[in-house]
Amino acid sequence: MKSNARRALFAAEPIRALLLAASLLAATLGMMPAEAFGASRIKDIADFEGVRDNMLVGYGLVVGLNGTGDSLTNAPFTKESLTGMLERLGVNIRDKTGAITSVSPKNVAAVMVTAVLPPFARQGTRIDTNVSAMGDAKDLRGGTLLVTPLIGADGEVYAVGQGQVATGGFTASGASGSSVTKGVPTAGRIANGAIVERELPFEMSHLESVKVSLRNPDFTTSRRIAQAVNSYLGGDMARPVDPGTVQITVPPGYRGNVVGLLTDVEQLRVEPDQMARVVIDEVSGTIVMGENVRISTVAIAQGQLTIRITETPQVSQPSPFSETGTTTTVQRTDIQVDEGAGNKLAVVAHRVTLQELVEGLNSLGIGPRDLITILQAIKAAGALQAELEVL
């Protein structure tokens with residue numbers, strides 16, 4: 001009996017330890033501030049100055065199309081490019097007078113090639129490229145981009161692109177002229193379609209200070225970032241320069257190891273602040289409200305005058321055995337007027353939360369289009385304590 005009791009006591013020890021650990025975890029989570037769960041990493045709300053992409057663009061030719069290329073009469077630049085390319089390859093298509101002979105291939109298209117050169121890309125690194133038709137080509141599917149230099153804003157060549165074009169769309173047509181098109185067949189992408197030939201010089205290891213650039217500039221957010229960095233580094237190393245910039249002085253322990261400093265800083269969590277803003281897209285009827293949107297006490301009534309006119313054709317016949325009159329069709333008109341008599345004033349309380357505001361506006365029983373007009377009227381009345389932005 002004693003051995004059984006001892007085994008039961010030993011079996012209960014892991015369960016008791018697990019319950020103790022769970023209670024400690026719950027107590028720790030209860031002591032953490034609510035903002036800690038909604039905080040974002042600095043990496044997700046800001047960029048480091050100097051770490052940026054660069055845009056590249058180039059002009060090239062896509063060959064191998066199945067009769068869906070440019071018509072050289074409507075795209076003379078394609079003809080000139082094709083002639084120049086063939087001459088560089090040793091193929092002469094000019095006559096004795098120097099004029100270009102009649103050529104009309106249907107499988108060549110002039111395209112613009114774009115790419116993004118990522119920061120710190122080294123020679124030999126491959127990057128993706130986008131290809132878009134310039135002329136009247138119908139489809140780039142199955143084509144091959146010939147060697148195309150990609151230049152930056154300074155006019156220097158930073159990459160060279162070439163490869164098979166992959167399009168996400170297609171087009172098909174019949175002899176009667178009917179056609180079906182899916183997606184955009186005149187634009188495609190080449191995965192790893194360019195090779196980096198020139199590097200952008202930028203040395204980080206010897207920097208004495210770095211700047212953090214906020215993607216959404218805000219005074220409060222920049223100050224919170226500086227406080228979080230100073231708390232982590234244990235000194236006054238960061239200070240907000242303006243709403244969109246925080247300058248960090250490299251501590252002595254990170255000299256020569258700026259990458260390590262940025263790696264540690266970007267993992268710090270900060271609760272970003274945001275302006276009270278209502279964004280309206282009148283084209284699609286989309287309304288987006290920020291968390292801090294508030295409305296002063298206001299009464300809202302929304303009415304709409306609707307007139308419906310219905311024309312119903314009816315047949316009019318003469319009396320039986322009548323020798324006069326003919327059967328004819330006459331129109332019967334029914335007019336209905338709805339003045340929105342069921343709509344009443346609704347009161348939106350002062351300084352309600354976003355959830356209460358949404359519930360109050362939904363209680364009016366109106367659609368997004370009418371809600372846009374109401375929000376604009378509330379802003380005009382001075383009761384909307386937020387910035388109203390119409391796209």
# chains A, B, ... in the order shown; residues from 1 in each chain; ligands from 1
>>> residues_around(residues="Tyr232 of chain A", least_positions_apart="4", cutoff="9 Å", atoms="only C-alpha atoms", output="list in words")
Gln227, Ala228, Asp264, Val265 and Leu268 of chain A
>>> residues_around(residues="segment 248-255 of chain A", least_positions_apart="6", cutoff="6 Å", atoms="only C-alpha atoms", output="list in words")
Glu208, Ser209, Val210, Met237 and Ala238 of chain A
>>> write_last_selection(atoms="C-alpha atoms", output="PDB file, in the first residue's frame")
ATOM      1  CA  GLU A 208      29.610  56.682 -36.742  1.00  0.00           C
ATOM      2  CA  SER A 209      25.850  57.259 -36.812  1.00  0.00           C
ATOM      3  CA  VAL A 210      22.840  55.830 -38.598  1.00  0.00           C
ATOM      4  CA  MET A 237      22.428  57.222 -28.091  1.00  0.00           C
ATOM      5  CA  ALA A 238      19.250  57.973 -30.054  1.00  0.00           C
TER       6      ALA A 238
END
>>> residues_around(residues="segment 151-163 of chain A", least_positions_apart="2", cutoff="8 Å", atoms="only C-alpha atoms", output="number ranges by chain")
A: 54-58, 129, 144-149, 165, 190, 193-199
>>> select_by_dssp(residues="segment 111-211 of chain A", states="strand (DSSP E)", output="PyMOL selection string")
chain A and resi 111-117+126-133+144-151+157-164+166-167+170-173+179-182+187-196+209-211
>>> atom_distance(atom1="atom CA of Ala121 of chain A", atom2="atom CA of Asn192 of chain A")
13.2 Å
>>> residues_around(residues="segment 103-115 of chain A", least_positions_apart="6", cutoff="6 Å", atoms="only C-alpha atoms", output="number ranges by chain")
A: 56-67, 69-70, 78, 129-134
>>> atom_distance(atom1="atom CA of Leu388 of chain A", atom2="atom CA of Val283 of chain A")
15.8 Å
>>> decode(residues="segment 261-277 of chain A", atoms="all heavy atoms", output="PDB file, in the first residue's frame")
ATOM      1  N   LEU A 261      24.465  46.227 -34.793  1.00  0.00           N
ATOM      2  CA  LEU A 261      23.625  47.230 -34.131  1.00  0.00           C
ATOM      3  C   LEU A 261      22.252  47.314 -34.776  1.00  0.00           C
ATOM      4  O   LEU A 261      21.229  47.307 -34.081  1.00  0.00           O
ATOM      5  CB  LEU A 261      24.322  48.593 -34.184  1.00  0.00           C
ATOM      6  CG  LEU A 261      23.504  49.791 -33.687  1.00  0.00           C
ATOM      7  CD1 LEU A 261      23.176  49.645 -32.212  1.00  0.00           C
ATOM      8  CD2 LEU A 261      24.241  51.095 -33.952  1.00  0.00           C
ATOM      9  N   LEU A 262      22.224  47.367 -36.101  1.00  0.00           N
ATOM     10  CA  LEU A 262      20.937  47.461 -36.791  1.00  0.00           C
ATOM     11  C   LEU A 262      20.114  46.195 -36.607  1.00  0.00           C
ATOM     12  O   LEU A 262      18.884  46.251 -36.522  1.00  0.00           O
ATOM     13  CB  LEU A 262      21.174  47.728 -38.285  1.00  0.00           C
ATOM     14  CG  LEU A 262      21.926  49.018 -38.631  1.00  0.00           C
ATOM     15  CD1 LEU A 262      21.987  49.210 -40.133  1.00  0.00           C
ATOM     16  CD2 LEU A 262      21.279  50.224 -37.964  1.00  0.00           C
ATOM     17  N   THR A 263      20.783  45.064 -36.546  1.00  0.00           N
ATOM     18  CA  THR A 263      20.059  43.812 -36.312  1.00  0.00           C
ATOM     19  C   THR A 263      19.362  43.817 -34.956  1.00  0.00           C
ATOM     20  O   THR A 263      18.214  43.366 -34.824  1.00  0.00           O
ATOM     21  CB  THR A 263      21.024  42.624 -36.394  1.00  0.00           C
ATOM     22  OG1 THR A 263      21.653  42.615 -37.675  1.00  0.00           O
ATOM     23  CG2 THR A 263      20.290  41.312 -36.176  1.00  0.00           C
ATOM     24  N   ASP A 264      20.045  44.339 -33.928  1.00  0.00           N
ATOM     25  CA  ASP A 264      19.437  44.398 -32.597  1.00  0.00           C
ATOM     26  C   ASP A 264      18.358  45.470 -32.521  1.00  0.00           C
ATOM     27  O   ASP A 264      17.310  45.262 -31.895  1.00  0.00           O
ATOM     28  CB  ASP A 264      20.519  44.678 -31.548  1.00  0.00           C
ATOM     29  CG  ASP A 264      21.521  43.539 -31.445  1.00  0.00           C
ATOM     30  OD1 ASP A 264      21.162  42.410 -31.832  1.00  0.00           O
ATOM     31  OD2 ASP A 264      22.656  43.781 -30.996  1.00  0.00           O
ATOM     32  N   VAL A 265      18.587  46.613 -33.173  1.00  0.00           N
ATOM     33  CA  VAL A 265      17.634  47.721 -33.083  1.00  0.00           C
ATOM     34  C   VAL A 265      16.336  47.387 -33.808  1.00  0.00           C
ATOM     35  O   VAL A 265      15.243  47.685 -33.314  1.00  0.00           O
ATOM     36  CB  VAL A 265      18.265  49.009 -33.651  1.00  0.00           C
ATOM     37  CG1 VAL A 265      17.208  50.089 -33.861  1.00  0.00           C
ATOM     38  CG2 VAL A 265      19.348  49.524 -32.715  1.00  0.00           C
ATOM     39  N   GLU A 266      16.422  46.750 -34.966  1.00  0.00           N
ATOM     40  CA  GLU A 266      15.214  46.513 -35.747  1.00  0.00           C
ATOM     41  C   GLU A 266      14.278  45.492 -35.099  1.00  0.00           C
ATOM     42  O   GLU A 266      13.116  45.400 -35.481  1.00  0.00           O
ATOM     43  CB  GLU A 266      15.586  46.034 -37.158  1.00  0.00           C
ATOM     44  CG  GLU A 266      16.216  44.654 -37.212  1.00  0.00           C
ATOM     45  CD  GLU A 266      16.556  44.237 -38.627  1.00  0.00           C
ATOM     46  OE1 GLU A 266      16.397  45.090 -39.522  1.00  0.00           O
ATOM     47  OE2 GLU A 266      16.980  43.083 -38.833  1.00  0.00           O
ATOM     48  N   GLN A 267      14.762  44.738 -34.112  1.00  0.00           N
ATOM     49  CA  GLN A 267      13.901  43.781 -33.417  1.00  0.00           C
ATOM     50  C   GLN A 267      13.173  44.395 -32.223  1.00  0.00           C
ATOM     51  O   GLN A 267      12.303  43.739 -31.637  1.00  0.00           O
ATOM     52  CB  GLN A 267      14.734  42.582 -32.943  1.00  0.00           C
ATOM     53  CG  GLN A 267      15.393  41.802 -34.070  1.00  0.00           C
ATOM     54  CD  GLN A 267      14.390  41.214 -35.033  1.00  0.00           C
ATOM     55  OE1 GLN A 267      13.283  40.817 -34.643  1.00  0.00           O
ATOM     56  NE2 GLN A 267      14.750  41.169 -36.311  1.00  0.00           N
ATOM     57  N   LEU A 268      13.513  45.625 -31.843  1.00  0.00           N
ATOM     58  CA  LEU A 268      12.826  46.277 -30.735  1.00  0.00           C
ATOM     59  C   LEU A 268      11.393  46.585 -31.134  1.00  0.00           C
ATOM     60  O   LEU A 268      11.106  46.918 -32.283  1.00  0.00           O
ATOM     61  CB  LEU A 268      13.561  47.566 -30.346  1.00  0.00           C
ATOM     62  CG  LEU A 268      15.019  47.402 -29.894  1.00  0.00           C
ATOM     63  CD1 LEU A 268      15.616  48.758 -29.577  1.00  0.00           C
ATOM     64  CD2 LEU A 268      15.112  46.478 -28.687  1.00  0.00           C
ATOM     65  N   ARG A 269      10.485  46.506 -30.165  1.00  0.00           N
ATOM     66  CA  ARG A 269       9.066  46.708 -30.444  1.00  0.00           C
ATOM     67  C   ARG A 269       8.612  48.071 -29.920  1.00  0.00           C
ATOM     68  O   ARG A 269       8.964  48.475 -28.820  1.00  0.00           O
ATOM     69  CB  ARG A 269       8.214  45.594 -29.838  1.00  0.00           C
ATOM     70  CG  ARG A 269       8.465  44.246 -30.497  1.00  0.00           C
ATOM     71  CD  ARG A 269       7.466  43.187 -30.080  1.00  0.00           C
ATOM     72  NE  ARG A 269       7.648  41.959 -30.848  1.00  0.00           N
ATOM     73  CZ  ARG A 269       7.015  41.696 -31.981  1.00  0.00           C
ATOM     74  NH1 ARG A 269       6.163  42.583 -32.482  1.00  0.00           N
ATOM     75  NH2 ARG A 269       7.225  40.559 -32.625  1.00  0.00           N
ATOM     76  N   VAL A 270       7.818  48.741 -30.753  1.00  0.00           N
ATOM     77  CA  VAL A 270       7.314  50.079 -30.452  1.00  0.00           C
ATOM     78  C   VAL A 270       5.848  50.121 -30.850  1.00  0.00           C
ATOM     79  O   VAL A 270       5.447  49.533 -31.862  1.00  0.00           O
ATOM     80  CB  VAL A 270       8.117  51.166 -31.217  1.00  0.00           C
ATOM     81  CG1 VAL A 270       7.489  52.529 -31.022  1.00  0.00           C
ATOM     82  CG2 VAL A 270       9.558  51.180 -30.766  1.00  0.00           C
ATOM     83  N   GLU A 271       5.051  50.820 -30.050  1.00  0.00           N
ATOM     84  CA  GLU A 271       3.640  51.022 -30.375  1.00  0.00           C
ATOM     85  C   GLU A 271       3.523  52.271 -31.242  1.00  0.00           C
ATOM     86  O   GLU A 271       3.653  53.389 -30.770  1.00  0.00           O
ATOM     87  CB  GLU A 271       2.809  51.185 -29.101  1.00  0.00           C
ATOM     88  CG  GLU A 271       1.334  51.449 -29.347  1.00  0.00           C
ATOM     89  CD  GLU A 271       0.615  50.251 -29.936  1.00  0.00           C
ATOM     90  OE1 GLU A 271       1.128  49.118 -29.800  1.00  0.00           O
ATOM     91  OE2 GLU A 271      -0.444  50.465 -30.548  1.00  0.00           O
ATOM     92  N   PRO A 272       3.316  52.137 -32.560  1.00  0.00           N
ATOM     93  CA  PRO A 272       3.233  53.322 -33.413  1.00  0.00           C
ATOM     94  C   PRO A 272       1.952  54.102 -33.168  1.00  0.00           C
ATOM     95  O   PRO A 272       0.875  53.524 -32.987  1.00  0.00           O
ATOM     96  CB  PRO A 272       3.270  52.739 -34.838  1.00  0.00           C
ATOM     97  CG  PRO A 272       2.765  51.342 -34.686  1.00  0.00           C
ATOM     98  CD  PRO A 272       3.158  50.884 -33.319  1.00  0.00           C
ATOM     99  N   ASP A 273       2.078  55.399 -33.155  1.00  0.00           N
ATOM    100  CA  ASP A 273       0.914  56.263 -33.011  1.00  0.00           C
ATOM    101  C   ASP A 273       0.435  56.673 -34.402  1.00  0.00           C
ATOM    102  O   ASP A 273       1.224  56.691 -35.352  1.00  0.00           O
ATOM    103  CB  ASP A 273       1.270  57.509 -32.195  1.00  0.00           C
ATOM    104  CG  ASP A 273       0.027  58.181 -31.642  1.00  0.00           C
ATOM    105  OD1 ASP A 273      -1.003  57.498 -31.534  1.00  0.00           O
ATOM    106  OD2 ASP A 273       0.078  59.390 -31.349  1.00  0.00           O
ATOM    107  N   GLN A 274      -0.822  56.980 -34.509  1.00  0.00           N
ATOM    108  CA  GLN A 274      -1.357  57.363 -35.804  1.00  0.00           C
ATOM    109  C   GLN A 274      -2.378  58.474 -35.645  1.00  0.00           C
ATOM    110  O   GLN A 274      -3.011  58.615 -34.611  1.00  0.00           O
ATOM    111  CB  GLN A 274      -2.010  56.170 -36.510  1.00  0.00           C
ATOM    112  CG  GLN A 274      -3.190  55.562 -35.754  1.00  0.00           C
ATOM    113  CD  GLN A 274      -3.816  54.405 -36.485  1.00  0.00           C
ATOM    114  OE1 GLN A 274      -3.514  54.170 -37.643  1.00  0.00           O
ATOM    115  NE2 GLN A 274      -4.704  53.679 -35.826  1.00  0.00           N
ATOM    116  N   MET A 275      -2.504  59.250 -36.690  1.00  0.00           N
ATOM    117  CA  MET A 275      -3.443  60.346 -36.710  1.00  0.00           C
ATOM    118  C   MET A 275      -4.853  59.822 -36.902  1.00  0.00           C
ATOM    119  O   MET A 275      -5.057  58.805 -37.562  1.00  0.00           O
ATOM    120  CB  MET A 275      -3.076  61.243 -37.899  1.00  0.00           C
ATOM    121  CG  MET A 275      -3.098  62.672 -37.605  1.00  0.00           C
ATOM    122  SD  MET A 275      -2.539  63.536 -39.046  1.00  0.00           S
ATOM    123  CE  MET A 275      -3.646  64.842 -38.901  1.00  0.00           C
ATOM    124  N   ALA A 276      -5.812  60.521 -36.303  1.00  0.00           N
ATOM    125  CA  ALA A 276      -7.213  60.171 -36.544  1.00  0.00           C
ATOM    126  C   ALA A 276      -7.566  60.549 -37.976  1.00  0.00           C
ATOM    127  O   ALA A 276      -7.537  61.728 -38.339  1.00  0.00           O
ATOM    128  CB  ALA A 276      -8.113  60.894 -35.550  1.00  0.00           C
ATOM    129  N   ARG A 277      -7.887  59.563 -38.767  1.00  0.00           N
ATOM    130  CA  ARG A 277      -8.104  59.827 -40.190  1.00  0.00           C
ATOM    131  C   ARG A 277      -9.198  58.931 -40.721  1.00  0.00           C
ATOM    132  O   ARG A 277      -9.298  57.755 -40.356  1.00  0.00           O
ATOM    133  CB  ARG A 277      -6.807  59.608 -40.968  1.00  0.00           C
ATOM    134  CG  ARG A 277      -6.920  59.845 -42.461  1.00  0.00           C
ATOM    135  CD  ARG A 277      -5.571  59.666 -43.146  1.00  0.00           C
ATOM    136  NE  ARG A 277      -4.631  60.679 -42.703  1.00  0.00           N
ATOM    137  CZ  ARG A 277      -3.327  60.470 -42.565  1.00  0.00           C
ATOM    138  NH1 ARG A 277      -2.830  59.275 -42.801  1.00  0.00           N
ATOM    139  NH2 ARG A 277      -2.520  61.442 -42.191  1.00  0.00           N
TER     140      ARG A 277
END
